[in-house]
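Shown here: input.txt, compact mmCIF, N, CA and C atoms.
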```txt
# COMPACT_ATOMS: atom_id res chain seq x y z
N MET A 1 9.97 -33.67 65.98
CA MET A 1 9.41 -32.35 66.11
C MET A 1 9.91 -31.73 67.42
N SER A 2 10.12 -30.46 67.39
CA SER A 2 10.66 -29.74 68.55
C SER A 2 9.60 -29.61 69.64
N ASP A 3 10.06 -29.55 70.88
CA ASP A 3 9.16 -29.33 72.00
C ASP A 3 8.62 -27.91 72.02
N LEU A 4 9.25 -27.02 71.26
CA LEU A 4 8.81 -25.62 71.23
C LEU A 4 7.61 -25.41 70.31
N VAL A 5 7.36 -26.35 69.42
CA VAL A 5 6.24 -26.22 68.48
C VAL A 5 5.01 -26.83 69.12
N PRO A 6 3.93 -26.05 69.24
CA PRO A 6 2.73 -26.59 69.89
C PRO A 6 2.14 -27.72 69.04
N ARG A 7 1.64 -28.70 69.71
CA ARG A 7 1.05 -29.86 69.07
C ARG A 7 -0.46 -29.61 68.93
N ILE A 8 -0.99 -29.71 67.69
CA ILE A 8 -2.43 -29.55 67.47
C ILE A 8 -3.11 -30.73 68.13
N GLY A 9 -4.14 -30.47 68.86
CA GLY A 9 -4.84 -31.52 69.58
C GLY A 9 -4.52 -31.50 71.06
N GLY A 10 -3.57 -30.72 71.44
CA GLY A 10 -3.19 -30.63 72.84
C GLY A 10 -3.87 -29.46 73.51
N ALA A 11 -3.13 -28.83 74.41
CA ALA A 11 -3.66 -27.71 75.18
C ALA A 11 -4.06 -26.54 74.29
N LEU A 12 -3.28 -26.33 73.20
CA LEU A 12 -3.59 -25.23 72.29
C LEU A 12 -4.98 -25.39 71.67
N GLU A 13 -5.30 -26.59 71.24
CA GLU A 13 -6.61 -26.84 70.64
C GLU A 13 -7.72 -26.63 71.67
N LYS A 14 -7.52 -27.12 72.87
CA LYS A 14 -8.54 -26.96 73.90
C LYS A 14 -8.72 -25.50 74.28
N THR A 15 -7.62 -24.76 74.37
CA THR A 15 -7.70 -23.33 74.67
C THR A 15 -8.43 -22.61 73.55
N GLY A 16 -8.09 -22.96 72.31
CA GLY A 16 -8.79 -22.36 71.17
C GLY A 16 -10.26 -22.66 71.19
N SER A 17 -10.61 -23.88 71.56
CA SER A 17 -12.02 -24.27 71.63
C SER A 17 -12.75 -23.46 72.69
N VAL A 18 -12.10 -23.25 73.83
CA VAL A 18 -12.69 -22.45 74.90
C VAL A 18 -12.91 -21.01 74.43
N ILE A 19 -11.90 -20.47 73.78
CA ILE A 19 -12.01 -19.08 73.28
C ILE A 19 -13.13 -18.96 72.26
N VAL A 20 -13.17 -19.92 71.32
CA VAL A 20 -14.23 -19.90 70.29
C VAL A 20 -15.60 -20.01 70.95
N GLY A 21 -15.73 -20.89 71.93
CA GLY A 21 -17.01 -21.05 72.63
C GLY A 21 -17.42 -19.79 73.35
N ALA A 22 -16.50 -19.14 74.02
CA ALA A 22 -16.81 -17.91 74.74
C ALA A 22 -17.18 -16.80 73.78
N VAL A 23 -16.45 -16.71 72.67
CA VAL A 23 -16.76 -15.69 71.67
C VAL A 23 -18.13 -15.96 71.07
N ARG A 24 -18.41 -17.22 70.75
CA ARG A 24 -19.71 -17.59 70.18
C ARG A 24 -20.84 -17.22 71.15
N PHE A 25 -20.65 -17.53 72.43
CA PHE A 25 -21.65 -17.18 73.45
C PHE A 25 -21.90 -15.68 73.46
N GLY A 26 -20.82 -14.90 73.48
CA GLY A 26 -20.95 -13.44 73.49
C GLY A 26 -21.63 -12.91 72.24
N ILE A 27 -21.31 -13.51 71.10
CA ILE A 27 -21.92 -13.07 69.84
C ILE A 27 -23.41 -13.36 69.84
N VAL A 28 -23.80 -14.54 70.31
CA VAL A 28 -25.23 -14.88 70.35
C VAL A 28 -25.98 -13.91 71.25
N VAL A 29 -25.45 -13.65 72.42
CA VAL A 29 -26.10 -12.71 73.34
C VAL A 29 -26.17 -11.32 72.72
N ALA A 30 -25.10 -10.88 72.11
CA ALA A 30 -25.08 -9.55 71.47
C ALA A 30 -26.08 -9.47 70.33
N GLN A 31 -26.15 -10.52 69.51
CA GLN A 31 -27.09 -10.51 68.39
C GLN A 31 -28.54 -10.52 68.87
N LEU A 32 -28.84 -11.29 69.89
CA LEU A 32 -30.20 -11.31 70.44
C LEU A 32 -30.56 -9.95 71.04
N THR A 33 -29.62 -9.35 71.74
CA THR A 33 -29.85 -8.03 72.33
C THR A 33 -30.06 -6.98 71.23
N ALA A 34 -29.24 -7.04 70.19
CA ALA A 34 -29.39 -6.10 69.07
C ALA A 34 -30.73 -6.30 68.36
N ALA A 35 -31.13 -7.55 68.18
CA ALA A 35 -32.42 -7.82 67.53
C ALA A 35 -33.56 -7.27 68.37
N SER A 36 -33.46 -7.40 69.68
CA SER A 36 -34.48 -6.86 70.57
C SER A 36 -34.58 -5.35 70.42
N ALA A 37 -33.43 -4.68 70.44
CA ALA A 37 -33.42 -3.22 70.30
C ALA A 37 -33.93 -2.79 68.94
N THR A 38 -33.57 -3.52 67.90
CA THR A 38 -34.02 -3.19 66.55
C THR A 38 -35.53 -3.30 66.43
N MET A 39 -36.08 -4.37 66.99
CA MET A 39 -37.54 -4.56 66.90
C MET A 39 -38.28 -3.49 67.71
N MET A 40 -37.73 -3.10 68.85
CA MET A 40 -38.36 -2.04 69.63
C MET A 40 -38.29 -0.72 68.86
N GLY A 41 -37.16 -0.47 68.22
CA GLY A 41 -37.02 0.74 67.41
C GLY A 41 -37.99 0.74 66.25
N LEU A 42 -38.19 -0.41 65.63
CA LEU A 42 -39.14 -0.53 64.52
C LEU A 42 -40.56 -0.24 65.01
N SER A 43 -40.89 -0.73 66.18
CA SER A 43 -42.21 -0.46 66.76
C SER A 43 -42.42 1.04 66.93
N HIS A 44 -41.42 1.72 67.48
CA HIS A 44 -41.52 3.17 67.66
C HIS A 44 -41.62 3.88 66.31
N GLN A 45 -40.88 3.40 65.34
CA GLN A 45 -40.90 4.01 64.00
C GLN A 45 -42.28 3.85 63.36
N VAL A 46 -42.87 2.68 63.50
CA VAL A 46 -44.21 2.44 62.94
C VAL A 46 -45.21 3.40 63.57
N ARG A 47 -45.16 3.53 64.87
CA ARG A 47 -46.10 4.43 65.57
C ARG A 47 -45.85 5.89 65.17
N SER A 48 -44.59 6.26 65.06
CA SER A 48 -44.24 7.63 64.66
C SER A 48 -44.74 7.92 63.25
N THR A 49 -44.54 6.97 62.36
CA THR A 49 -45.00 7.15 60.98
C THR A 49 -46.51 7.27 60.94
N PHE A 50 -47.19 6.44 61.72
CA PHE A 50 -48.65 6.54 61.71
C PHE A 50 -49.13 7.87 62.28
N ARG A 51 -48.44 8.39 63.28
CA ARG A 51 -48.82 9.72 63.81
C ARG A 51 -48.70 10.76 62.70
N TYR A 52 -47.66 10.66 61.89
CA TYR A 52 -47.48 11.57 60.76
C TYR A 52 -48.64 11.41 59.77
N VAL A 53 -49.00 10.17 59.46
CA VAL A 53 -50.11 9.92 58.52
C VAL A 53 -51.42 10.46 59.11
N GLU A 54 -51.61 10.29 60.40
CA GLU A 54 -52.82 10.82 61.06
C GLU A 54 -52.86 12.34 60.95
N ASP A 55 -51.72 13.00 61.14
CA ASP A 55 -51.66 14.46 60.98
C ASP A 55 -51.98 14.86 59.54
N CYS A 56 -51.49 14.08 58.58
CA CYS A 56 -51.81 14.35 57.18
C CYS A 56 -53.31 14.21 56.93
N ALA A 57 -53.91 13.19 57.51
CA ALA A 57 -55.36 12.98 57.35
C ALA A 57 -56.14 14.17 57.92
N LYS A 58 -55.71 14.69 59.06
CA LYS A 58 -56.37 15.87 59.63
C LYS A 58 -56.25 17.06 58.69
N SER A 59 -55.06 17.23 58.11
CA SER A 59 -54.86 18.34 57.17
C SER A 59 -55.75 18.19 55.95
N VAL A 60 -55.89 16.98 55.44
CA VAL A 60 -56.73 16.74 54.27
C VAL A 60 -58.19 16.99 54.63
N ASP A 61 -58.60 16.60 55.83
CA ASP A 61 -59.97 16.90 56.28
C ASP A 61 -60.20 18.41 56.34
N GLN A 62 -59.22 19.14 56.85
CA GLN A 62 -59.34 20.60 56.91
C GLN A 62 -59.45 21.19 55.50
N LEU A 63 -58.66 20.65 54.57
CA LEU A 63 -58.75 21.11 53.19
C LEU A 63 -60.14 20.81 52.61
N ALA A 64 -60.66 19.64 52.93
CA ALA A 64 -62.01 19.30 52.45
C ALA A 64 -63.04 20.26 53.03
N ASP A 65 -62.93 20.57 54.32
CA ASP A 65 -63.85 21.52 54.95
C ASP A 65 -63.72 22.90 54.30
N GLN A 66 -62.49 23.31 54.09
CA GLN A 66 -62.25 24.62 53.46
C GLN A 66 -62.81 24.64 52.04
N ALA A 67 -62.59 23.55 51.29
CA ALA A 67 -63.11 23.48 49.92
C ALA A 67 -64.63 23.51 49.92
N ALA A 68 -65.24 22.81 50.87
CA ALA A 68 -66.71 22.80 50.95
C ALA A 68 -67.23 24.21 51.27
N ALA A 69 -66.53 24.91 52.17
CA ALA A 69 -66.95 26.28 52.54
C ALA A 69 -66.82 27.23 51.36
N LEU A 70 -65.92 26.92 50.43
CA LEU A 70 -65.72 27.76 49.25
C LEU A 70 -66.56 27.28 48.06
N ASN A 71 -67.49 26.38 48.33
CA ASN A 71 -68.40 25.85 47.31
C ASN A 71 -67.67 25.15 46.16
N VAL A 72 -66.54 24.45 46.49
CA VAL A 72 -65.86 23.63 45.49
C VAL A 72 -66.76 22.43 45.22
N ASP A 73 -66.67 21.91 44.00
CA ASP A 73 -67.58 20.81 43.62
C ASP A 73 -67.49 19.64 44.60
N LYS A 74 -68.63 18.94 44.73
CA LYS A 74 -68.76 17.85 45.71
C LYS A 74 -67.79 16.71 45.43
N ASP A 75 -67.47 16.46 44.17
CA ASP A 75 -66.54 15.37 43.85
C ASP A 75 -65.14 15.65 44.41
N THR A 76 -64.68 16.86 44.30
CA THR A 76 -63.36 17.23 44.82
C THR A 76 -63.34 17.14 46.34
N VAL A 77 -64.39 17.66 46.97
CA VAL A 77 -64.49 17.58 48.43
C VAL A 77 -64.55 16.11 48.85
N GLY A 78 -65.32 15.32 48.12
CA GLY A 78 -65.44 13.89 48.43
C GLY A 78 -64.12 13.15 48.29
N GLU A 79 -63.37 13.50 47.26
CA GLU A 79 -62.05 12.86 47.06
C GLU A 79 -61.12 13.16 48.23
N HIS A 80 -61.17 14.39 48.73
CA HIS A 80 -60.35 14.74 49.89
C HIS A 80 -60.78 13.92 51.12
N ARG A 81 -62.07 13.81 51.33
CA ARG A 81 -62.56 13.04 52.49
C ARG A 81 -62.19 11.57 52.34
N ASP A 82 -62.31 11.06 51.12
CA ASP A 82 -61.93 9.65 50.87
C ASP A 82 -60.43 9.44 51.15
N ALA A 83 -59.62 10.40 50.73
CA ALA A 83 -58.17 10.29 50.95
C ALA A 83 -57.87 10.25 52.45
N ALA A 84 -58.54 11.09 53.22
CA ALA A 84 -58.33 11.10 54.67
C ALA A 84 -58.78 9.78 55.28
N THR A 85 -59.87 9.23 54.77
CA THR A 85 -60.38 7.94 55.28
C THR A 85 -59.38 6.82 54.98
N VAL A 86 -58.82 6.83 53.78
CA VAL A 86 -57.82 5.81 53.43
C VAL A 86 -56.60 5.94 54.34
N MET A 87 -56.18 7.15 54.61
CA MET A 87 -55.03 7.35 55.50
C MET A 87 -55.29 6.76 56.88
N ARG A 88 -56.52 6.92 57.36
CA ARG A 88 -56.85 6.42 58.70
C ARG A 88 -57.11 4.91 58.71
N SER A 89 -57.43 4.36 57.55
CA SER A 89 -57.80 2.94 57.50
C SER A 89 -56.66 2.02 57.88
N CYS A 90 -55.45 2.49 57.80
CA CYS A 90 -54.31 1.62 58.14
C CYS A 90 -53.98 1.66 59.63
N ARG A 91 -54.75 2.40 60.40
CA ARG A 91 -54.46 2.55 61.84
C ARG A 91 -54.38 1.20 62.55
N GLU A 92 -55.39 0.36 62.38
CA GLU A 92 -55.40 -0.92 63.09
C GLU A 92 -54.21 -1.79 62.67
N GLU A 93 -53.93 -1.80 61.37
CA GLU A 93 -52.82 -2.61 60.88
C GLU A 93 -51.48 -2.07 61.40
N ALA A 94 -51.33 -0.76 61.43
CA ALA A 94 -50.09 -0.16 61.93
C ALA A 94 -49.93 -0.47 63.42
N GLU A 95 -50.99 -0.36 64.17
CA GLU A 95 -50.92 -0.64 65.60
C GLU A 95 -50.61 -2.12 65.84
N ALA A 96 -51.24 -3.00 65.04
CA ALA A 96 -50.95 -4.43 65.17
C ALA A 96 -49.49 -4.72 64.84
N MET A 97 -48.97 -4.05 63.82
CA MET A 97 -47.56 -4.24 63.46
C MET A 97 -46.65 -3.75 64.58
N ALA A 98 -46.95 -2.60 65.14
CA ALA A 98 -46.13 -2.04 66.22
C ALA A 98 -46.17 -2.96 67.44
N THR A 99 -47.33 -3.48 67.75
CA THR A 99 -47.47 -4.39 68.89
C THR A 99 -46.70 -5.68 68.65
N GLU A 100 -46.79 -6.20 67.43
CA GLU A 100 -46.04 -7.42 67.07
C GLU A 100 -44.53 -7.19 67.20
N CYS A 101 -44.07 -6.03 66.78
CA CYS A 101 -42.64 -5.70 66.90
C CYS A 101 -42.23 -5.64 68.37
N GLU A 102 -43.07 -5.07 69.21
CA GLU A 102 -42.77 -5.01 70.65
C GLU A 102 -42.70 -6.41 71.24
N GLU A 103 -43.64 -7.27 70.83
CA GLU A 103 -43.65 -8.63 71.34
C GLU A 103 -42.39 -9.38 70.89
N MET A 104 -41.99 -9.18 69.64
CA MET A 104 -40.77 -9.82 69.15
C MET A 104 -39.55 -9.30 69.91
N SER A 105 -39.55 -8.00 70.19
CA SER A 105 -38.45 -7.41 70.97
C SER A 105 -38.35 -8.08 72.33
N THR A 106 -39.49 -8.26 72.97
CA THR A 106 -39.53 -8.91 74.28
C THR A 106 -39.03 -10.35 74.18
N LEU A 107 -39.46 -11.05 73.14
CA LEU A 107 -39.03 -12.45 72.98
C LEU A 107 -37.52 -12.55 72.74
N PHE A 108 -36.97 -11.64 71.93
CA PHE A 108 -35.52 -11.65 71.73
C PHE A 108 -34.80 -11.37 73.05
N HIS A 109 -35.31 -10.42 73.82
CA HIS A 109 -34.70 -10.08 75.11
C HIS A 109 -34.78 -11.28 76.06
N GLU A 110 -35.94 -11.90 76.12
CA GLU A 110 -36.11 -13.07 77.00
C GLU A 110 -35.21 -14.22 76.56
N THR A 111 -35.05 -14.39 75.26
CA THR A 111 -34.18 -15.44 74.74
C THR A 111 -32.73 -15.18 75.13
N ALA A 112 -32.30 -13.92 75.02
CA ALA A 112 -30.94 -13.56 75.44
C ALA A 112 -30.75 -13.85 76.92
N ASP A 113 -31.72 -13.45 77.74
CA ASP A 113 -31.63 -13.70 79.18
C ASP A 113 -31.59 -15.20 79.47
N ALA A 114 -32.42 -15.98 78.78
CA ALA A 114 -32.44 -17.43 78.99
C ALA A 114 -31.12 -18.06 78.56
N HIS A 115 -30.56 -17.54 77.47
CA HIS A 115 -29.27 -18.05 77.00
C HIS A 115 -28.18 -17.78 78.04
N ILE A 116 -28.22 -16.61 78.63
CA ILE A 116 -27.25 -16.27 79.68
C ILE A 116 -27.44 -17.19 80.88
N VAL A 117 -28.70 -17.43 81.28
CA VAL A 117 -28.97 -18.31 82.41
C VAL A 117 -28.49 -19.73 82.10
N ASP A 118 -28.79 -20.20 80.88
CA ASP A 118 -28.44 -21.58 80.52
C ASP A 118 -26.93 -21.78 80.33
N TYR A 119 -26.28 -20.83 79.69
CA TYR A 119 -24.89 -21.04 79.28
C TYR A 119 -23.90 -20.05 79.86
N GLY A 120 -24.38 -19.04 80.56
CA GLY A 120 -23.46 -18.03 81.12
C GLY A 120 -22.47 -18.62 82.09
N SER A 121 -22.93 -19.50 82.95
CA SER A 121 -22.02 -20.09 83.93
C SER A 121 -20.98 -20.98 83.24
N VAL A 122 -21.40 -21.64 82.15
CA VAL A 122 -20.46 -22.47 81.39
C VAL A 122 -19.42 -21.58 80.73
N ALA A 123 -19.87 -20.49 80.14
CA ALA A 123 -18.93 -19.56 79.49
C ALA A 123 -17.98 -18.96 80.52
N ASP A 124 -18.53 -18.57 81.70
CA ASP A 124 -17.66 -18.03 82.75
C ASP A 124 -16.64 -19.06 83.22
N ALA A 125 -17.10 -20.29 83.42
CA ALA A 125 -16.19 -21.35 83.87
C ALA A 125 -15.12 -21.61 82.82
N ALA A 126 -15.52 -21.61 81.56
CA ALA A 126 -14.55 -21.84 80.48
C ALA A 126 -13.53 -20.71 80.42
N ASN A 127 -13.99 -19.50 80.61
CA ASN A 127 -13.07 -18.35 80.55
C ASN A 127 -12.14 -18.29 81.76
N ASN A 128 -12.54 -18.90 82.86
CA ASN A 128 -11.75 -18.80 84.08
C ASN A 128 -11.16 -20.13 84.52
N MET A 129 -10.96 -21.04 83.58
CA MET A 129 -10.38 -22.34 83.91
C MET A 129 -8.95 -22.15 84.41
N PRO A 130 -8.63 -22.74 85.54
CA PRO A 130 -7.25 -22.65 86.04
C PRO A 130 -6.31 -23.39 85.09
N ASP A 131 -5.08 -22.94 85.05
CA ASP A 131 -4.07 -23.60 84.23
C ASP A 131 -3.94 -25.05 84.67
N GLY A 132 -3.80 -25.92 83.70
CA GLY A 132 -3.59 -27.33 84.00
C GLY A 132 -4.87 -28.14 84.07
N ILE A 133 -6.02 -27.48 84.10
CA ILE A 133 -7.29 -28.21 84.12
C ILE A 133 -7.90 -28.08 82.74
N ASP A 134 -8.11 -29.23 82.12
CA ASP A 134 -8.67 -29.23 80.78
C ASP A 134 -10.19 -29.17 80.82
N MET A 135 -10.74 -28.43 79.91
CA MET A 135 -12.19 -28.33 79.79
C MET A 135 -12.69 -29.56 79.05
N ALA A 136 -13.90 -29.96 79.36
CA ALA A 136 -14.51 -31.10 78.66
C ALA A 136 -14.71 -30.74 77.20
N ASP A 137 -14.81 -31.76 76.38
CA ASP A 137 -15.06 -31.57 74.95
C ASP A 137 -16.36 -30.80 74.78
N ARG A 138 -16.39 -29.92 73.78
CA ARG A 138 -17.57 -29.06 73.53
C ARG A 138 -18.85 -29.87 73.37
N GLN A 139 -18.74 -31.07 72.85
CA GLN A 139 -19.95 -31.88 72.64
C GLN A 139 -20.63 -32.21 73.95
N PHE A 140 -19.88 -32.26 75.03
CA PHE A 140 -20.45 -32.51 76.34
C PHE A 140 -21.51 -31.46 76.68
N TYR A 141 -21.25 -30.21 76.28
CA TYR A 141 -22.15 -29.11 76.60
C TYR A 141 -23.25 -28.92 75.57
N SER A 142 -23.15 -29.58 74.43
CA SER A 142 -24.08 -29.33 73.33
C SER A 142 -25.39 -30.09 73.46
N ASN A 143 -25.55 -30.92 74.45
CA ASN A 143 -26.77 -31.70 74.58
C ASN A 143 -27.91 -30.95 75.25
N ARG A 144 -27.72 -29.68 75.55
CA ARG A 144 -28.72 -28.91 76.27
C ARG A 144 -29.83 -28.49 75.36
```
Could you render the structure from this file as structure tokens?
Amino acid sequence: MSDLVPRIGGALEKTGSVIVGAVRFGIVVAQLTAASATMMGLSHQVRSTFRYVEDCAKSVDQLADQAAALNVDKDTVGEHRDAATVMRSCREEAEAMATECEEMSTLFHETADAHIVDYGSVADAANNMPDGIDMADRQFYSNR
């Protein structure tokens, strides 16, 4: 075999392993960061949707009041009031969902930060290895 053809298992394999490890590290951090942002966005969306439902409930209450003032039958007025009550009944569940999403967002963010603390220096060292110095086998770092 020619000296010009790289030998699998030599420096090329180790360099490839370093690149794959660095890419994997970056992908994990990016995915955790994206998950954090997504969960925070979901929390805001849940609260925004509930504000809309609350506004609808107020409108239905106003319609019930207007219907009562116009001597509309009690069943129709009652149905409007019941509808507004049902709209409001999901408030606690919506707030709990929004809070849970915020907590998950925080956990994803903290996990990303912890991953950077745990493995960032390894990724930096791998990316900045001087020529001629071989990196340890990936399994050495996998016991963490």
Next item on the list: Find the residues around His109 in chain A up to 6 Å (only N, CA and C atoms counted), leave out those fewer than 5 positions away in its own chain, and share them as JSON, numbers by chain.
Entry: {"A": [32, 33, 36, 104, 114]}
Output N, CA and C atoms of each residue in that selection to a file, as a PDB file, in the frame of the given file.
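Final output, selection-v7.pdb:
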```
ATOM      1  N   LEU A  32     -28.840 -11.290  69.890  1.00  0.00           N
ATOM      2  CA  LEU A  32     -30.200 -11.310  70.440  1.00  0.00           C
ATOM      3  C   LEU A  32     -30.560  -9.950  71.040  1.00  0.00           C
ATOM      4  N   THR A  33     -29.620  -9.350  71.740  1.00  0.00           N
ATOM      5  CA  THR A  33     -29.850  -8.030  72.330  1.00  0.00           C
ATOM      6  C   THR A  33     -30.060  -6.980  71.230  1.00  0.00           C
ATOM      7  N   SER A  36     -33.460  -7.400  69.680  1.00  0.00           N
ATOM      8  CA  SER A  36     -34.480  -6.860  70.570  1.00  0.00           C
ATOM      9  C   SER A  36     -34.580  -5.350  70.420  1.00  0.00           C
ATOM     10  N   MET A 104     -41.990  -9.180  69.640  1.00  0.00           N
ATOM     11  CA  MET A 104     -40.770  -9.820  69.150  1.00  0.00           C
ATOM     12  C   MET A 104     -39.550  -9.300  69.910  1.00  0.00           C
ATOM     13  N   ALA A 114     -32.420 -15.980  78.780  1.00  0.00           N
ATOM     14  CA  ALA A 114     -32.440 -17.430  78.990  1.00  0.00           C
ATOM     15  C   ALA A 114     -31.120 -18.060  78.560  1.00  0.00           C
TER      16      ALA A 114
END
```
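Checking A:Asp118, A:Glu95, A:Glu110, A:Glu100 one by one against Val46 in chain A, counting all atoms listed in the file, you find the shortest gap at A:Glu95.
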Next item on the list: For CA of Val117 in chain A and atom C of Ala98 in chain A, quote the distance in Å rounded to one decimal.
Entry: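 Going from CA of Val117 in chain A over to atom C of Ala98 in chain A, I get 27.5 Å.
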Checklist line | Å distance separating CA of Glu54 in chain A from CA of Ala84 in chain A, one decimal place | finding: 8.4 Å
Notebook entry, point to check: atom C of Ala126 in chain A and CA of Thr111 in chain A, how far apart in Å?
Noted result: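 Calculated distance between CA of Thr111 in chain A and atom C of Ala126 in chain A is 22.1 Å.
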Item checked: Which of A:Gly120, A:Ala64, A:Glu92, A:Arg24 sits closest to Glu79 in chain A [using only N, CA and C atoms] ->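 Among A:Gly120, A:Ala64, A:Glu92, A:Arg24, it is A:Ala64 that comes nearest to Glu79 in chain A.
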Check: Can you tell me, as a list of chain:residue names, what residues are no more than 6.5 Å from Cys101 in chain A when counting all atoms listed in the file, ignoring any on the same chain fewer than 4 positions away?
Finding: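 Contacts, in chain order: A:Met39, A:Met40, A:Leu42, A:Ser43, A:Ala96, A:Met97, A:Ser105, A:Thr106.
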